[in-house]
file upload32.cif (mmCIF, C-alpha atoms)
data_start
#
loop_
_atom_site.label_atom_id
_atom_site.label_comp_id
_atom_site.auth_asym_id
_atom_site.auth_seq_id
_atom_site.Cartn_x
_atom_site.Cartn_y
_atom_site.Cartn_z
CA MET G 1 0.51 23.64 41.89
CA SER G 2 3.99 24.70 40.84
CA GLY G 3 2.42 27.15 38.37
CA VAL G 4 0.36 28.73 41.15
CA THR G 5 3.40 29.10 43.39
CA ASP G 6 5.44 30.58 40.53
CA THR G 7 2.72 33.14 39.73
CA ILE G 8 2.36 34.21 43.35
CA LYS G 9 6.14 34.34 43.78
CA ALA G 10 6.63 36.39 40.59
CA ILE G 11 4.04 39.05 41.53
CA PHE G 12 5.18 39.05 45.17
CA VAL G 13 8.85 39.63 44.27
CA LYS G 14 7.93 42.21 41.58
CA ASP G 15 5.84 44.28 44.01
CA LEU G 16 8.37 44.13 46.85
CA ILE G 17 11.28 45.09 44.56
CA ALA G 18 9.20 47.97 43.14
CA GLU G 19 8.46 49.21 46.66
CA PHE G 20 12.07 48.92 47.89
CA ARG G 21 13.32 50.72 44.77
CA ALA G 22 10.75 53.52 44.82
CA LYS G 23 10.63 53.83 48.65
CA GLN G 24 7.27 55.60 48.35
CA LEU G 25 5.00 53.73 50.71
CA LEU G 26 7.06 52.48 53.66
CA PRO G 27 8.55 55.84 54.74
CA THR G 28 5.08 57.42 54.47
CA ILE G 29 3.27 54.84 56.59
CA VAL G 30 6.06 54.63 59.18
CA CYS G 31 5.98 58.42 59.50
CA LEU G 32 2.17 58.33 59.80
CA GLY G 33 2.31 55.63 62.50
CA VAL G 34 4.85 57.52 64.58
CA ILE G 35 2.89 60.79 64.28
CA ILE G 36 -0.37 59.05 65.35
CA ALA G 37 1.38 57.52 68.38
CA TRP G 38 3.01 60.82 69.33
CA ILE G 39 -0.25 62.83 69.07
CA PHE G 40 -2.13 60.31 71.23
CA ARG G 41 0.71 60.26 73.77
CA VAL G 42 0.57 64.04 74.11
CA ALA G 43 -3.25 63.93 74.39
CA ALA G 44 -3.09 61.17 77.04
CA GLN G 45 -0.58 63.20 79.05
CA ALA G 46 -2.76 66.32 78.80
CA ALA G 47 -5.85 64.38 79.93
CA SER G 48 -3.94 62.55 82.71
CA ILE G 49 -5.37 59.14 81.75
CA ASP G 50 -3.76 55.73 82.17
CA ILE G 51 -1.54 55.72 79.09
CA SER G 52 -1.27 51.92 78.93
CA VAL G 53 -5.03 51.78 78.20
CA ALA G 54 -4.53 53.99 75.13
CA ALA G 55 -1.49 52.03 73.83
CA GLY G 56 -3.50 49.17 72.31
CA ALA G 57 -5.99 51.47 70.61
CA VAL G 58 -3.22 53.70 69.24
CA LEU G 59 -1.30 50.75 67.85
CA LEU G 60 -4.40 49.35 66.18
CA ILE G 61 -5.40 52.72 64.70
CA ALA G 62 -1.88 53.18 63.31
CA VAL G 63 -1.94 49.69 61.75
CA LEU G 64 -5.43 50.25 60.33
CA PHE G 65 -4.54 53.57 58.69
CA ALA G 66 -1.27 52.17 57.36
CA GLY G 67 -3.14 49.12 56.05
CA ILE G 68 -5.64 51.26 54.17
CA LEU G 69 -2.81 53.23 52.51
CA VAL G 70 -0.94 50.02 51.61
CA CYS G 71 -4.03 48.36 50.13
CA GLU G 72 -5.02 51.46 48.15
CA LYS G 73 -1.51 51.73 46.68
CA SER G 74 -1.43 48.01 45.94
CA PHE G 75 -3.65 48.35 42.87
CA ALA G 76 -3.14 52.05 42.15
CA VAL G 77 0.36 51.25 40.83
CA GLU G 78 -1.12 48.69 38.45
CA LEU G 79 -3.29 51.32 36.75
CA GLU G 80 -0.32 53.13 35.20
CA ASN G 81 0.10 52.03 31.57
CA ASP G 82 -2.78 49.59 32.18
CA CYS G 83 -0.49 47.13 33.97
CA LEU G 84 -3.52 45.45 35.58
CA GLY G 85 -4.97 44.75 32.13
CA SER G 86 -1.69 43.18 31.04
CA LEU G 87 -1.54 41.17 34.27
CA LEU G 88 -5.03 39.83 33.62
CA LEU G 89 -4.11 38.94 30.03
CA ALA G 90 -1.49 36.54 31.35
CA PRO G 91 -2.73 32.94 31.62
CA VAL G 92 -2.95 33.01 35.41
CA ASP G 93 -5.86 32.66 37.79
CA ALA G 94 -7.19 35.95 39.23
CA GLY G 95 -7.17 34.32 42.67
CA ASP G 96 -3.38 33.91 42.42
CA ILE G 97 -3.02 37.66 41.75
CA TYR G 98 -5.14 38.32 44.85
CA LEU G 99 -3.05 35.98 47.02
CA ALA G 100 0.22 37.55 45.80
CA LYS G 101 -1.05 41.09 46.50
CA LEU G 102 -2.36 39.94 49.89
CA LEU G 103 1.05 38.54 50.83
CA VAL G 104 2.83 41.72 49.72
CA ASN G 105 0.47 43.86 51.80
CA ILE G 106 0.95 41.63 54.87
CA VAL G 107 4.75 41.79 54.52
CA ILE G 108 4.73 45.60 54.14
CA LEU G 109 2.53 45.92 57.23
CA CYS G 110 4.88 43.63 59.17
CA ILE G 111 7.86 45.82 58.21
CA PHE G 112 5.83 48.88 59.29
CA GLU G 113 5.16 47.27 62.67
CA ILE G 114 8.85 46.43 63.24
CA VAL G 115 9.40 50.20 63.54
CA THR G 116 6.05 51.36 64.95
CA VAL G 117 5.50 48.80 67.73
CA PRO G 118 8.71 49.66 69.66
CA VAL G 119 7.88 53.37 69.29
CA VAL G 120 4.38 52.83 70.78
CA LEU G 121 5.75 50.62 73.56
CA VAL G 122 8.37 53.20 74.52
CA LEU G 123 6.07 56.22 74.23
CA PHE G 124 3.30 54.58 76.29
CA LYS G 125 5.68 52.91 78.77
CA VAL G 126 4.26 49.44 78.11
CA THR G 127 6.23 46.26 78.82
CA VAL G 128 5.40 42.98 77.11
CA THR G 129 8.16 40.85 78.62
CA GLY G 130 7.38 37.18 78.02
CA LYS G 131 4.37 38.04 75.84
CA TRP G 132 6.16 38.86 72.58
CA LEU G 133 4.86 35.75 70.84
CA GLN G 134 1.24 36.62 71.72
CA LEU G 135 1.77 40.22 70.57
CA ILE G 136 3.22 39.05 67.25
CA MET G 137 0.29 36.65 66.84
CA VAL G 138 -2.33 39.37 67.43
CA LEU G 139 -0.59 41.83 65.09
CA LEU G 140 -0.18 39.19 62.38
CA LEU G 141 -3.86 38.26 62.61
CA ALA G 142 -4.78 41.96 62.43
CA ASN G 143 -2.50 42.36 59.37
CA ILE G 144 -4.13 39.40 57.64
CA GLY G 145 -7.64 40.69 58.43
CA ILE G 146 -6.94 44.23 57.22
CA SER G 147 -5.10 43.03 54.10
CA SER G 148 -7.69 40.39 53.14
CA VAL G 149 -10.54 42.89 52.95
CA GLY G 150 -8.34 45.84 51.94
CA THR G 151 -6.73 44.07 48.97
CA LEU G 152 -10.08 43.20 47.39
CA LEU G 153 -11.69 46.56 48.11
CA GLY G 154 -8.48 48.37 47.08
CA CYS G 155 -9.04 46.92 43.62
CA VAL G 156 -12.75 47.84 43.71
CA VAL G 157 -12.19 51.52 44.56
CA GLN G 158 -9.74 52.06 41.69
CA GLN G 159 -12.81 52.24 39.45
CA THR G 160 -14.15 55.28 41.35
CA LYS G 161 -13.03 58.91 41.53
CA THR G 162 -12.75 58.90 45.34
CA ALA G 163 -10.48 55.87 45.69
CA GLY G 164 -8.65 56.56 48.98
CA SER G 165 -11.48 58.05 51.02
CA LEU G 166 -13.99 55.48 49.80
CA LEU G 167 -11.61 52.64 50.70
CA SER G 168 -11.37 53.97 54.29
CA VAL G 169 -15.16 53.86 54.69
CA LEU G 170 -15.56 50.41 53.12
CA VAL G 171 -12.65 48.76 54.95
CA MET G 172 -13.51 50.22 58.37
CA ALA G 173 -17.18 49.24 58.03
CA VAL G 174 -16.31 45.63 57.21
CA LEU G 175 -13.43 45.35 59.71
CA MET G 176 -15.30 46.62 62.79
CA PRO G 177 -16.18 43.13 64.08
CA MET G 178 -12.48 42.19 64.07
CA MET G 179 -11.35 45.40 65.72
CA ILE G 180 -13.25 44.65 68.95
CA PRO G 181 -11.48 41.37 69.83
CA ALA G 182 -8.18 42.80 68.53
CA ILE G 183 -8.34 45.76 70.90
CA VAL G 184 -9.38 43.49 73.80
CA ALA G 185 -6.45 41.15 73.08
CA LEU G 186 -4.03 44.11 73.11
CA LEU G 187 -5.56 45.44 76.36
CA LEU G 188 -5.02 42.04 77.96
CA LEU G 189 -1.43 41.89 76.68
CA PHE G 190 -0.53 45.41 77.75
CA GLY G 191 -2.01 44.70 81.17
CA PRO G 192 -4.26 47.64 82.07
CA VAL G 193 -7.29 45.32 82.36
CA GLY G 194 -7.38 41.90 84.01
CA GLY G 195 -8.94 38.94 82.22
CA GLN G 196 -11.63 38.53 84.87
CA ALA G 197 -12.94 42.06 84.36
CA LEU G 198 -13.42 41.36 80.68
CA ASN G 199 -15.58 38.29 81.16
CA VAL G 200 -18.78 40.22 81.55
CA GLY G 201 -20.67 43.06 79.92
CA THR G 202 -19.10 45.19 77.26
CA PHE G 203 -16.15 42.96 76.40
CA GLY G 204 -17.90 39.64 76.91
CA ILE G 205 -17.12 38.74 73.29
CA ALA G 206 -13.46 38.30 74.13
CA GLY G 207 -13.49 37.39 77.80
CA ASN G 208 -10.02 35.95 77.52
CA PHE G 209 -7.04 36.12 75.21
CA ARG G 210 -7.69 32.75 73.58
CA ALA G 211 -11.30 33.70 72.76
CA ALA G 212 -10.15 36.96 71.15
CA VAL G 213 -7.45 35.24 69.09
CA GLY G 214 -9.90 32.49 68.09
CA TYR G 215 -12.44 35.08 66.91
CA MET G 216 -9.76 36.91 64.89
CA THR G 217 -8.55 33.64 63.35
CA ALA G 218 -12.11 32.74 62.30
CA PHE G 219 -12.63 36.24 60.89
CA ASP G 220 -9.39 36.03 58.88
CA ALA G 221 -10.15 32.55 57.56
CA ILE G 222 -13.65 33.57 56.42
CA PHE G 223 -12.60 36.81 54.77
CA VAL G 224 -9.45 35.49 53.06
CA THR G 225 -11.54 32.69 51.53
CA VAL G 226 -14.51 34.89 50.55
CA CYS G 227 -12.30 37.66 49.08
CA TRP G 228 -10.13 35.13 47.22
CA LEU G 229 -13.24 33.59 45.66
CA LEU G 230 -14.76 36.98 44.75
CA PHE G 231 -11.64 38.64 43.36
CA GLY G 232 -12.10 37.11 39.91
CA LEU G 233 -15.56 38.69 39.68
CA VAL G 234 -14.18 42.16 40.49
CA VAL G 235 -11.47 42.14 37.83
CA GLY G 236 -13.09 39.79 35.29
CA ASP G 237 -14.20 40.79 31.75
CA MET B 238 -33.20 37.99 81.36
CA ALA B 239 -36.19 39.05 79.27
CA LEU B 240 -37.55 42.53 78.91
CA SER B 241 -40.94 42.25 80.62
CA VAL B 242 -43.55 44.45 79.04
CA ALA B 243 -46.24 44.68 81.72
CA ALA B 244 -49.94 44.68 80.86
CA VAL B 245 -50.01 48.42 81.50
CA GLU B 246 -46.52 49.43 80.50
CA PRO B 247 -44.68 52.73 80.80
CA VAL B 248 -45.09 54.75 77.63
CA GLU B 249 -41.40 54.30 76.65
CA TYR B 250 -41.82 50.53 76.47
CA ASN B 251 -44.29 50.94 73.58
CA ILE B 252 -41.28 51.69 71.41
CA VAL B 253 -40.77 47.91 71.31
CA TYR B 254 -43.59 47.77 68.72
CA ILE B 255 -41.46 49.90 66.35
CA HIS B 256 -37.96 48.86 67.44
CA VAL B 257 -38.35 45.08 67.07
CA PRO B 258 -40.10 45.18 63.64
CA ALA B 259 -37.43 47.64 62.40
CA ALA B 260 -34.67 45.25 63.58
CA ILE B 261 -36.31 42.28 61.84
CA CYS B 262 -36.93 44.30 58.67
CA SER B 263 -33.37 45.60 58.44
CA LEU B 264 -32.01 42.06 58.77
CA VAL B 265 -34.51 40.69 56.23
CA CYS B 266 -33.58 43.45 53.75
CA PHE B 267 -29.92 42.59 54.19
CA THR B 268 -30.62 38.90 53.60
CA VAL B 269 -32.62 39.67 50.44
CA LEU B 270 -29.79 41.99 49.30
CA PHE B 271 -27.35 39.09 49.74
CA VAL B 272 -29.54 36.64 47.82
CA CYS B 273 -30.10 39.18 45.01
CA SER B 274 -26.35 39.87 44.84
CA ILE B 275 -25.67 36.16 44.31
CA GLN B 276 -28.47 35.97 41.73
CA HIS B 277 -27.04 38.98 39.87
CA LEU B 278 -23.58 37.40 39.80
CA ARG B 279 -25.09 34.13 38.54
CA THR B 280 -27.49 35.46 35.91
CA LYS B 281 -26.09 38.97 35.13
CA ASP B 282 -29.75 40.07 35.08
CA GLU B 283 -30.18 43.81 35.86
CA PHE B 284 -33.42 43.06 37.73
CA TRP B 285 -31.55 41.43 40.63
CA ASP B 286 -29.19 44.41 40.84
CA HIS B 287 -32.19 46.75 41.06
CA VAL B 288 -33.77 44.66 43.83
CA ALA B 289 -30.43 44.61 45.72
CA ALA B 290 -30.14 48.40 45.41
CA ALA B 291 -33.72 48.87 46.61
CA CYS B 292 -33.11 46.52 49.56
CA GLY B 293 -30.01 48.55 50.47
CA GLU B 294 -31.98 51.80 50.51
CA VAL B 295 -35.04 50.46 52.34
CA GLY B 296 -32.84 48.48 54.74
CA LEU B 297 -30.92 51.63 55.62
CA VAL B 298 -34.18 53.39 56.50
CA PHE B 299 -35.16 50.56 58.87
CA ALA B 300 -31.64 50.32 60.32
CA THR B 301 -31.83 54.07 61.03
CA VAL B 302 -35.22 53.58 62.74
CA LEU B 303 -33.74 50.65 64.69
CA ASN B 304 -30.81 52.71 66.00
CA ALA B 305 -32.89 55.84 66.64
CA THR B 306 -35.64 54.04 68.60
CA GLY B 307 -32.97 52.02 70.41
CA SER B 308 -31.27 55.24 71.49
CA ILE B 309 -34.56 56.72 72.72
CA PHE B 310 -35.33 53.54 74.66
CA ALA B 311 -31.76 53.37 76.06
CA TYR B 312 -32.11 56.90 77.41
CA ALA B 313 -35.41 56.03 79.06
CA ALA B 314 -34.17 52.71 80.49
CA TRP B 315 -30.51 53.36 81.32
CA GLY B 316 -30.15 57.15 81.19
CA VAL B 317 -27.69 57.11 78.26
CA TRP B 318 -28.29 57.57 74.52
CA TRP B 319 -25.72 54.99 73.55
CA THR B 320 -23.33 52.66 75.35
CA PRO B 321 -20.70 50.29 73.92
CA SER B 322 -22.80 47.20 74.51
CA LEU B 323 -22.22 44.49 71.96
CA ARG B 324 -25.80 44.43 70.62
CA LEU B 325 -25.70 48.21 70.17
CA ILE B 326 -22.28 47.97 68.50
CA SER B 327 -23.67 45.29 66.16
CA SER B 328 -26.70 47.43 65.22
CA ALA B 329 -24.39 50.36 64.53
CA MET B 330 -22.18 48.09 62.40
CA LEU B 331 -25.19 47.02 60.36
CA TRP B 332 -26.06 50.67 59.77
CA PHE B 333 -22.48 51.50 58.71
CA LEU B 334 -22.45 48.54 56.30
CA TYR B 335 -25.66 49.76 54.66
CA VAL B 336 -24.19 53.27 54.36
CA ALA B 337 -20.92 51.91 52.93
CA TYR B 338 -22.88 49.81 50.39
CA LEU B 339 -24.87 52.84 49.20
CA ILE B 340 -21.79 55.10 49.11
CA LEU B 341 -20.05 52.51 46.92
CA ARG B 342 -23.14 52.32 44.70
CA VAL B 343 -23.19 56.07 44.05
CA SER B 344 -19.39 56.27 43.66
CA LEU B 345 -19.13 53.78 40.82
CA PRO B 346 -19.73 54.98 37.26
CA ASP B 347 -23.02 53.73 35.79
CA GLU B 348 -21.50 51.88 32.88
CA GLY B 349 -19.54 48.66 33.15
CA ARG B 350 -19.24 46.53 36.24
CA LYS B 351 -21.21 48.59 38.77
CA GLY B 352 -23.81 45.89 39.49
CA ARG B 353 -21.23 43.17 39.81
CA ILE B 354 -18.94 45.14 42.15
CA CYS B 355 -21.89 46.15 44.35
CA ALA B 356 -22.96 42.50 44.46
CA VAL B 357 -19.47 41.51 45.61
CA PHE B 358 -19.57 44.10 48.40
CA GLY B 359 -23.12 42.99 49.30
CA ILE B 360 -21.83 39.45 49.83
CA ILE B 361 -18.86 40.64 51.92
CA ALA B 362 -21.11 42.87 54.04
CA PHE B 363 -23.57 40.02 54.62
CA VAL B 364 -20.80 37.99 56.25
CA ASP B 365 -20.95 40.57 59.07
CA VAL B 366 -24.69 40.08 59.64
CA PRO B 367 -24.47 36.74 61.53
CA LEU B 368 -22.30 38.55 64.07
CA VAL B 369 -25.34 40.66 64.94
CA TYR B 370 -27.32 37.53 65.72
CA ILE B 371 -24.46 35.78 67.52
CA SER B 372 -23.68 38.79 69.68
CA ALA B 373 -27.36 39.12 70.63
CA ARG B 374 -27.84 35.51 71.67
CA TYR B 375 -24.62 34.20 73.14
CA ILE B 376 -22.78 37.13 74.66
CA PRO B 377 -23.36 38.63 78.11
CA ASP B 378 -24.85 42.03 77.47
CA ILE B 379 -26.92 44.75 79.11
CA HIS B 380 -29.44 44.38 76.28
CA TRP B 381 -32.46 42.08 76.77
CA PRO B 382 -32.14 39.04 74.50
CA LYS B 383 -35.91 38.69 74.10
CA VAL B 384 -39.16 40.41 74.93
CA SER B 385 -41.78 38.71 77.10
CA PHE B 386 -45.35 39.88 77.38
CA GLN B 387 -47.86 39.40 80.13
CA SER B 388 -50.85 39.63 77.82
CA GLY B 389 -51.60 37.72 74.62
CA TRP B 390 -52.83 40.94 73.04
CA GLN B 391 -49.36 42.46 73.35
CA SER B 392 -47.77 39.50 71.54
CA ALA B 393 -50.45 39.77 68.86
CA ALA B 394 -49.80 43.52 68.54
CA LEU B 395 -46.07 42.90 68.09
CA GLY B 396 -46.78 40.17 65.53
CA LEU B 397 -49.06 42.54 63.66
CA ALA B 398 -46.43 45.29 63.80
CA VAL B 399 -43.76 42.93 62.41
CA SER B 400 -46.06 41.70 59.60
CA GLY B 401 -47.14 45.24 58.75
CA THR B 402 -43.57 46.53 58.66
CA LEU B 403 -42.44 43.64 56.46
CA LEU B 404 -45.32 44.37 54.09
CA LEU B 405 -44.38 48.07 54.07
CA ALA B 406 -40.76 47.15 53.28
CA ALA B 407 -41.89 44.87 50.43
CA VAL B 408 -44.06 47.65 48.93
CA LEU B 409 -41.24 50.21 49.23
CA ILE B 410 -38.77 47.82 47.58
CA TRP B 411 -41.24 47.08 44.77
CA LEU B 412 -41.83 50.80 44.12
CA ARG B 413 -38.10 51.54 44.19
CA VAL B 414 -37.33 48.69 41.78
CA ASP B 415 -39.92 50.14 39.42
CA ILE B 416 -38.25 53.57 39.58
CA LEU B 417 -34.77 52.10 39.08
CA LYS B 418 -36.01 50.08 36.10
CA SER B 419 -37.49 53.15 34.37
CA LEU B 420 -34.35 55.19 35.14
CA ASN B 421 -32.26 52.45 33.57
CA GLN B 422 -34.51 52.34 30.49
CA ASP B 423 -34.27 56.14 30.13
CA ALA B 424 -30.48 55.97 30.38
CA THR B 425 -30.33 53.18 27.76
CA GLN B 426 -32.58 55.13 25.36
CA GLY B 427 -30.49 58.28 25.97
CA MET B 428 -27.35 56.40 24.95
CA LYS B 429 -29.05 55.24 21.71
#
call {"tool": "encode", "arguments": {"input": "upload32.cif", "output": "structure tokens"}}
result
Amino acid sequence: MSGVTDTIKAIFVKDLIAEFRAKQLLPTIVCLGVIIAWIFRVAAQAASIDISVAAGAVLLIAVLFAGILVCEKSFAVELENDCLGSLLLAPVDAGDIYLAKLLVNIVILCIFEIVTVPVVLVLFKVTVTGKWLQLIMVLLLANIGISSVGTLLGCVVQQTKTAGSLLSVLVMAVLMPMMIPAIVALLLLFGPVGGQALNVGTFGIAGNFRAAVGYMTAFDAIFVTVCWLLFGLVVGD
Amino acid sequence: MALSVAAVEPVEYNIVYIHVPAAICSLVCFTVLFVCSIQHLRTKDEFWDHVAAACGEVGLVFATVLNATGSIFAYAAWGVWWTPSLRLISSAMLWFLYVAYLILRVSLPDEGRKGRICAVFGIIAFVDVPLVYISARYIPDIHWPKVSFQSGWQSAALGLAVSGTLLLAAVLIWLRVDILKSLNQDATQGMK
């Protein structure tokens, strides 16, 4: 058990130090997030729509795009000098490498959100007083969902010529079921739609906040487990 | 609430005889793809990879028919081509997963771990399929959860359509597997 923790810790610390030293990814994704929010804010103003409705969608789109970039970079850096090959030669379980990369990606996305969320809240004039804990929970679950699928598929696409664009298609196709309850949860938190209105029809899947969070938790648990089990098959031999 | 197909139904309702078999076929193809993916990972036999690839291609055809006929029926019934109803979202998701699977298949180089990586994605994609079923059965929706007929002949016609479509899918998969096998043999001989 101690060996597993040490492996995960070693890769986790190595990746975070490399990112903080190089400062390649974080400035890029933060800049991307702010630009996405700004463009949508301008568009919402031009169309004269209720901007608080757009806030949740904008935040989720920004996190999704940032997540795809983070996951793609996660294994791209390991290709230089065949670092991934050397990593796999070490007497460690492939699942531990996956878990370490997953944790790194979640942490980077959390740092990204520390900057982007306040920007979105200010730009879209949304107040979440007293609901910060729920907001953090939804964003953390979204981060775990995006990273779980993205980390595995980020490794898969490194073997193709169209790594980045292919990863976007694969991740978005698999993540769509999680995006629906996530957006509903954010709509409920940001307040443009009451819980009662969501109980029927289109958003019946997440009629209330607890149902949406429960769905996201189940999604995350399933995909973290499945991807962890399958990672060895992707990198093996 | 069930969609009631009257004994003499409006012409648009006849689309049920294509729409429902296409839905069943696309789900069956996806299930077979999942089983073949697991078999390929277990045995490393190329045959299972070929069957999975064929199921992906044939399944995409039926998923396209499912969404296209659904859109035509939606326009006739509700006056819109598409609406963000959960069943329609789920059908669209299924279609996107098939497309993503085939894009991944053509993006990977032929040598090496192509079959294994596609099998891994096939398993991940299959995890999404139960959501289609769950959303159809347990979630309030504008879509009809089941079709009810007033005449036994209509039920028999739908049963026949489903059986016929499944048979067609099986034949298409079999033919495609044959083609993939010969392409693989040609490639192997070319390398020698």
call {"tool": "atom_distance", "arguments": {"input": "upload32.cif", "atom1": "atom CA of G:Leu187", "atom2": "atom CA of G:Gly56"}}
result
5.9 Å
call {"tool": "closest_residue", "arguments": {"input": "upload32.cif", "among": "G:Val234, G:Leu88, G:Val226, G:Ala37", "to": "G:Ala54", "atoms": "all atoms listed in the file"}}
result
G:Ala37
call {"tool": "residues_around", "arguments": {"input": "upload32.cif", "residues": "B:His256", "least_positions_apart": "4", "cutoff": "6 Å", "atoms": "all atoms listed in the file", "output": "list of chain:residue names"}}
result
B:Ile252, B:Leu303, B:Thr306
call {"tool": "atom_distance", "arguments": {"input": "upload32.cif", "atom1": "atom CA of G:Leu141", "atom2": "atom CA of G:Phe219"}}
result
9.2 Å
call {"tool": "residues_near_point", "arguments": {"input": "upload32.cif", "point": "(-37.3, 56.7, 74.2)", "cutoff": "12 Å", "atoms": "only C-alpha atoms", "output": "JSON list (two decimals) with C-alpha atoms, in the coordinates of the input"}}
result
[["chain", "number", "residue", "atom", "x", "y", "z"],
["B", 247, "PRO", "CA", -44.68, 52.73, 80.80],
["B", 248, "VAL", "CA", -45.09, 54.75, 77.63],
["B", 249, "GLU", "CA", -41.40, 54.30, 76.65],
["B", 250, "TYR", "CA", -41.82, 50.53, 76.47],
["B", 251, "ASN", "CA", -44.29, 50.94, 73.58],
["B", 252, "ILE", "CA", -41.28, 51.69, 71.41],
["B", 253, "VAL", "CA", -40.77, 47.91, 71.31],
["B", 255, "ILE", "CA", -41.46, 49.90, 66.35],
["B", 256, "HIS", "CA", -37.96, 48.86, 67.44],
["B", 303, "LEU", "CA", -33.74, 50.65, 64.69],
["B", 304, "ASN", "CA", -30.81, 52.71, 66.00],
["B", 305, "ALA", "CA", -32.89, 55.84, 66.64],
["B", 306, "THR", "CA", -35.64, 54.04, 68.60],
["B", 307, "GLY", "CA", -32.97, 52.02, 70.41],
["B", 308, "SER", "CA", -31.27, 55.24, 71.49],
["B", 309, "ILE", "CA", -34.56, 56.72, 72.72],
["B", 310, "PHE", "CA", -35.33, 53.54, 74.66],
["B", 311, "ALA", "CA", -31.76, 53.37, 76.06],
["B", 312, "TYR", "CA", -32.11, 56.90, 77.41],
["B", 313, "ALA", "CA", -35.41, 56.03, 79.06],
["B", 314, "ALA", "CA", -34.17, 52.71, 80.49],
["B", 315, "TRP", "CA", -30.51, 53.36, 81.32],
["B", 316, "GLY", "CA", -30.15, 57.15, 81.19],
["B", 317, "VAL", "CA", -27.69, 57.11, 78.26],
["B", 318, "TRP", "CA", -28.29, 57.57, 74.52],
["B", 319, "TRP", "CA", -25.72, 54.99, 73.55]]
call {"tool": "residues_around", "arguments": {"input": "upload32.cif", "residues": "G:Val174", "least_positions_apart": "5", "cutoff": "10 Å", "atoms": "all atoms listed in the file", "output": "list of chain:residue names"}}
result
G:Ile146, G:Val149, G:Gly150, G:Val169, G:Met179, G:Phe223, B:Met330, B:Leu331, B:Phe333, B:Leu334, B:Ala337, B:Phe358, B:Ile361, B:Ala362, B:Phe363, B:Val364, B:Asp365
call {"tool": "closest_residue", "arguments": {"input": "upload32.cif", "among": "B:Thr320, B:Ser263, B:Thr301, B:Gln426", "to": "chain G", "atoms": "all atoms listed in the file"}}
result
B:Thr320
call {"tool": "resolve_selection", "arguments": {"input": "upload32.cif", "expression": "the PyMOL selection byres ((chain G and resi 170) around 12)", "output": "number ranges by chain"}}
result
G: 68, 72, 146, 149-154, 156-157, 162-169, 171-176; B: 330, 333-342, 344, 355, 358-359, 361-362
call {"tool": "atom_distance", "arguments": {"input": "upload32.cif", "atom1": "atom CA of G:Val107", "atom2": "atom CA of G:Leu87"}}
result
21.2 Å
call {"tool": "residues_around", "arguments": {"input": "upload32.cif", "residues": "G:Leu32", "least_positions_apart": "4", "cutoff": "8 Å", "atoms": "only C-alpha atoms", "output": "CSV table (one decimal) with C-alpha atoms, in the frame of the given file"}}
result
chain,number,residue,atom,x,y,z
G,28,THR,CA,5.1,57.4,54.5
G,36,ILE,CA,-0.4,59.0,65.4
G,62,ALA,CA,-1.9,53.2,63.3
G,66,ALA,CA,-1.3,52.2,57.4
call {"tool": "resolve_selection", "arguments": {"input": "upload32.cif", "expression": "the PyMOL selection byres ((chain G and resi 142) around 9)", "output": "PyMOL selection string"}}
result
chain G and resi 60+63-64+137-141+143-147+178-179+182+216+220
call {"tool": "closest_residue", "arguments": {"input": "upload32.cif", "among": "B:Ala356, B:Val399, B:Ala406, B:Ala393", "to": "B:Gly296", "atoms": "only C-alpha atoms"}}
result
B:Ala406
call {"tool": "residues_near_point", "arguments": {"input": "upload32.cif", "point": "(-35.8, 41.7, 62.8)", "cutoff": "12 Å", "atoms": "only C-alpha atoms", "output": "PyMOL selection string"}}
result
chain B and resi 253-268+296+299-300+302-303+328+366+369-370+373+383+395-396+398-400+402-403
call {"tool": "closest_residue", "arguments": {"input": "upload32.cif", "among": "B:Gly352, B:Gly293, B:Pro346, B:Pro321", "to": "G:Gln159", "atoms": "only C-alpha atoms"}}
result
B:Pro346
call {"tool": "closest_residue", "arguments": {"input": "upload32.cif", "among": "G:Leu189, G:Asp96, G:Val128, G:Val122", "to": "G:Phe231", "atoms": "only C-alpha atoms"}}
result
G:Asp96
call {"tool": "closest_residue", "arguments": {"input": "upload32.cif", "among": "G:Val4, G:Pro181, G:Gly95, G:Asp15", "to": "chain B", "atoms": "all atoms listed in the file"}}
result
G:Pro181
call {"tool": "resolve_selection", "arguments": {"input": "upload32.cif", "expression": "the PyMOL selection byres ((chain G and resi 115) around 12)", "output": "MDAnalysis selection string"}}
result
chainID G and resid 26:27 29:34 37 59 62:63 108:114 116:122
call {"tool": "residues_around", "arguments": {"input": "upload32.cif", "residues": "B:Ile410", "least_positions_apart": "6", "cutoff": "10 Å", "atoms": "all atoms listed in the file", "output": "number ranges by chain"}}
result
B: 266, 287-296, 404, 416
